[in-house]
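Heads up, the thing below is written out as structure tokens.
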Number of protein chains: 2
Amino acid sequence: MEIPVMDTKTEPTITAAVLLIGDEILSGRTKDLNLAYIAQFLAARGIDVREARVVPDVEAEIVAALNALRARYTYVFTTGGIGPTHDDITADAVARAFGVPISHHPEAVRLLQEHFREIGREANEARMRMARLPEGAEMIPNPVSRAPGFHIGNVFVLAGVPKIMQAMLDELAPKLEQGRLLHSRTVLAEVAEGDLATGLGTIQAAYPAVAIGSYPFERDGQYGANIVLRSRDVAQLDAAETAVRKLVEDLQARVPEPKAWT
Amino acid sequence: MEIPVMDTKTEPTITAAVLLIGDEILSGRTKDLNLAYIAQFLAARGIDVREARVVPDVEAEIVAALNALRARYTYVFTTGGIGPTHDDITADAVARAFGVPISHHPEAVRLLQEHFREIGREANEARMRMARLPEGAEMIPNPVSRAPGFHIGNVFVLAGVPKIMQAMLDELAPKLEQGRLLHSRTVLAEVAEGDLATGLGTIQAAYPAVAIGSYPFERDGQYGANIVLRSRDVAQLDAAETAVRKLVEDLQARVPEPKAWT
């Protein structure tokens, strides 16, 4: 169900895509935690994540995904591939996608040299690779481990380590345009989805400004569904929620308790 | 680092993409568990997941992603959107992507009518929507809740609920071509990535048949990296692993313990 836009002409929806970069996510070795975090972070600012992709550490794949996504959404957030090792190729891929050269950024060089001096580490070539930024990029500060992320055009390039990624999001937040909040309500239905579906479909048709999703669950042999309603129009959302609650109460009184999915 | 293919001519790599369908993943409300499970399941059969996408419950988005992925990879696995409610539109989107009509599949109808009779539920229109399959599709049995997944061309359409999705994978497994296993080794390095990087890059260059990734971690103030080596060529993998272990031992004896990322 597409999130309806109330007033496209006066207030366009602000959209985002997330690009997760790394073989370790595609191999199943690492479970991604960043997408859900970024989505919630942006939702709190009225920005809708509309698509996510996971690509391997292959430059051509990163470039193709970046170019597809940055053309289509207000913002693109990437995670992963900005460390000092040979498999960290995100900065090069972003430069390639934007068709600009990449080189050591003087401010990043100064910052990292000072940081490595402070912690008593050699500012060797590998470590200083982390100061390489595409031409025209601006640094995103990294309060955890100093090596910066960066921002070029509508693309924000963040670390893959969740703790560092999250700190970078806090740093870049002031640069983001804010949208109207997409409000959401959840109604717990101790009813099988198969009993809910017709009524729920009728309510959805009556409230096109509200996106209604049904998410079945099972907990300790108890089945049911969480009905999630989302809208930027609070009056419509209130009305749709009331209708869903009435439907659920009615069904809970009338149909047998669900003992199976659907 | 692209996973190198040993012998493309005689034995092409079997590849896959995963398409996660659902607003609830893009909103951050639900954390996806299916990608990592599918990736590990396929890896055990020598099949490499090369890309994943998350799209909302919007038909045009599902169709576009499906058509991009099915043209490019040996297999595509979708999860989500095959229940009885109005927001479950995956079967229709798959039919549209393949340019075929969709209708009630006689075998699925029989199966579901029998199931709902057994559990004492009305086989209403919404529940029977789950028997609708694109023309030419074959059912994938669902031992958990009966409503089938399906298989059309190189696309496998699975439930979003992890327990059901996992059971469907077991059912469809015999249909999959198997590839040569991609073996992997992990070397724990209690060394900062910035100290490892140069040596690791040299080893990567010496063993192009092995994909080497470095994944930094922090646990209780102890920093380090897991070096993951992957290859279909066990002799090369053994040799590269020996080289990485030697590098790590040498560095652990020589450089200070890491007290920070990189």
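Convention: chains lettered A, B, ... in structure tokens order; per-chain residue numbering from 1; ligands numbered from 1 as shown.
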
Practice problem: May I have the residues of chain B within 6 Å of chain A, counting only C-alpha atoms, written as number ranges by chain? | Solution: B: 1-2, 26-28, 36, 39-40, 49, 51-55, 57-58, 84-87, 126-127, 145, 194, 197, 201, 261

Quiz item: Where does DSSP see helix (DSSP H, G or I) in range 130-225 of chain B, if you list the residues as a VMD selection string?
Solution: chain B and resid 130 to 131 162 to 175 193 to 206

Self-check item: From B:Glu190, B:Arg230, B:Asp220, B:Ala16, residue lying nearest Arg245 in chain B [only C-alpha atoms]
Solution: B:Glu190

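Closest approach to Ala108 in chain A from the set A:Arg96, A:Arg185, A:Lys246, A:Arg132 is made by A:Arg132, with distances taken over only C-alpha atoms.
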
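Between CA of Thr74 in chain B and CA of Phe156 in chain B the interatomic distance comes to 11.2 Å.
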
Residues near Gln236 in chain B, anyone? I mean within 7 Å using only C-alpha atoms, not counting same-chain ones fewer than 2 positions away, as a compact mmCIF listing (two decimals) with N, CA and C atoms, in the first residue's frame.
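Produced file result-v8.txt, reproduced below:
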# COMPACT_ATOMS: atom_id res chain seq x y z
N TYR B 207 46.58 -13.67 -3.86
CA TYR B 207 45.58 -14.76 -3.95
C TYR B 207 44.27 -14.24 -4.54
N ALA B 209 42.12 -15.62 -6.20
CA ALA B 209 41.01 -16.59 -6.16
C ALA B 209 40.34 -16.61 -4.79
N VAL B 210 40.87 -15.82 -3.86
CA VAL B 210 40.31 -15.78 -2.51
C VAL B 210 39.79 -14.37 -2.25
N ASP B 233 38.27 -22.53 -4.10
CA ASP B 233 39.52 -23.26 -4.33
C ASP B 233 40.19 -23.48 -2.97
N VAL B 234 40.09 -24.71 -2.47
CA VAL B 234 40.53 -24.98 -1.10
C VAL B 234 42.05 -24.83 -0.95
N ASP B 238 43.61 -22.37 1.73
CA ASP B 238 44.56 -22.81 2.76
C ASP B 238 45.80 -21.93 2.76
N ALA B 239 46.31 -21.70 1.58
CA ALA B 239 47.55 -20.92 1.47
C ALA B 239 47.33 -19.48 1.94
N ALA B 240 46.19 -18.90 1.53
CA ALA B 240 45.90 -17.51 1.93
C ALA B 240 45.67 -17.43 3.44

Practice problem: Enumerate the residues of range 24-136 of chain A with a DSSP assignment of strand (DSSP E), computed from the backbone, and present them as a PyMOL selection string. | Solution: chain A and resi 47-55+75-79+102-104+132-134

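One finds CA of Ala91 in chain A at 16.1 Å from CA of Glu107 in chain A.
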
Self-check item: Distance in Å - CA of Val100 in chain A versus CA of Phe150 in chain A
Solution: 14.3 Å

Self-check item: Who sits within 9 Å of Met165 in chain B, only C-alpha atoms, same chain under 2 positions skipped, as a ChimeraX atom specification
Solution: /B:34,79-80,142,149,158-163,167-170

Atoms to include: C-alpha atoms. Write the selected residues as a compact mmCIF listing (two decimals), in the first residue's frame.
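Result went into out_14.txt, see below:
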# COMPACT_ATOMS: atom_id res chain seq x y z
CA ASN B 34 14.98 -13.45 6.25
CA THR B 79 9.50 -12.79 0.90
CA GLY B 80 6.29 -11.15 2.08
CA ASN B 142 3.69 -24.72 3.27
CA GLY B 149 4.20 -20.15 -1.89
CA LEU B 158 7.81 -17.13 -0.15
CA ALA B 159 5.95 -15.95 2.95
CA GLY B 160 7.32 -13.12 5.08
CA VAL B 161 6.85 -14.82 8.45
CA PRO B 162 10.30 -16.35 9.12
CA LYS B 163 9.03 -19.70 10.41
CA ALA B 167 9.74 -24.26 5.98
CA MET B 168 9.08 -23.27 2.34
CA LEU B 169 12.83 -23.11 1.67
CA ASP B 170 13.17 -26.69 2.87

Self-check item: Selection near Gln178 in chain A, 9 Å with only C-alpha atoms, sequence-local residues under 6 positions removed, as an NGL selection string
Solution: :A and (14 or 42 or 45-47)
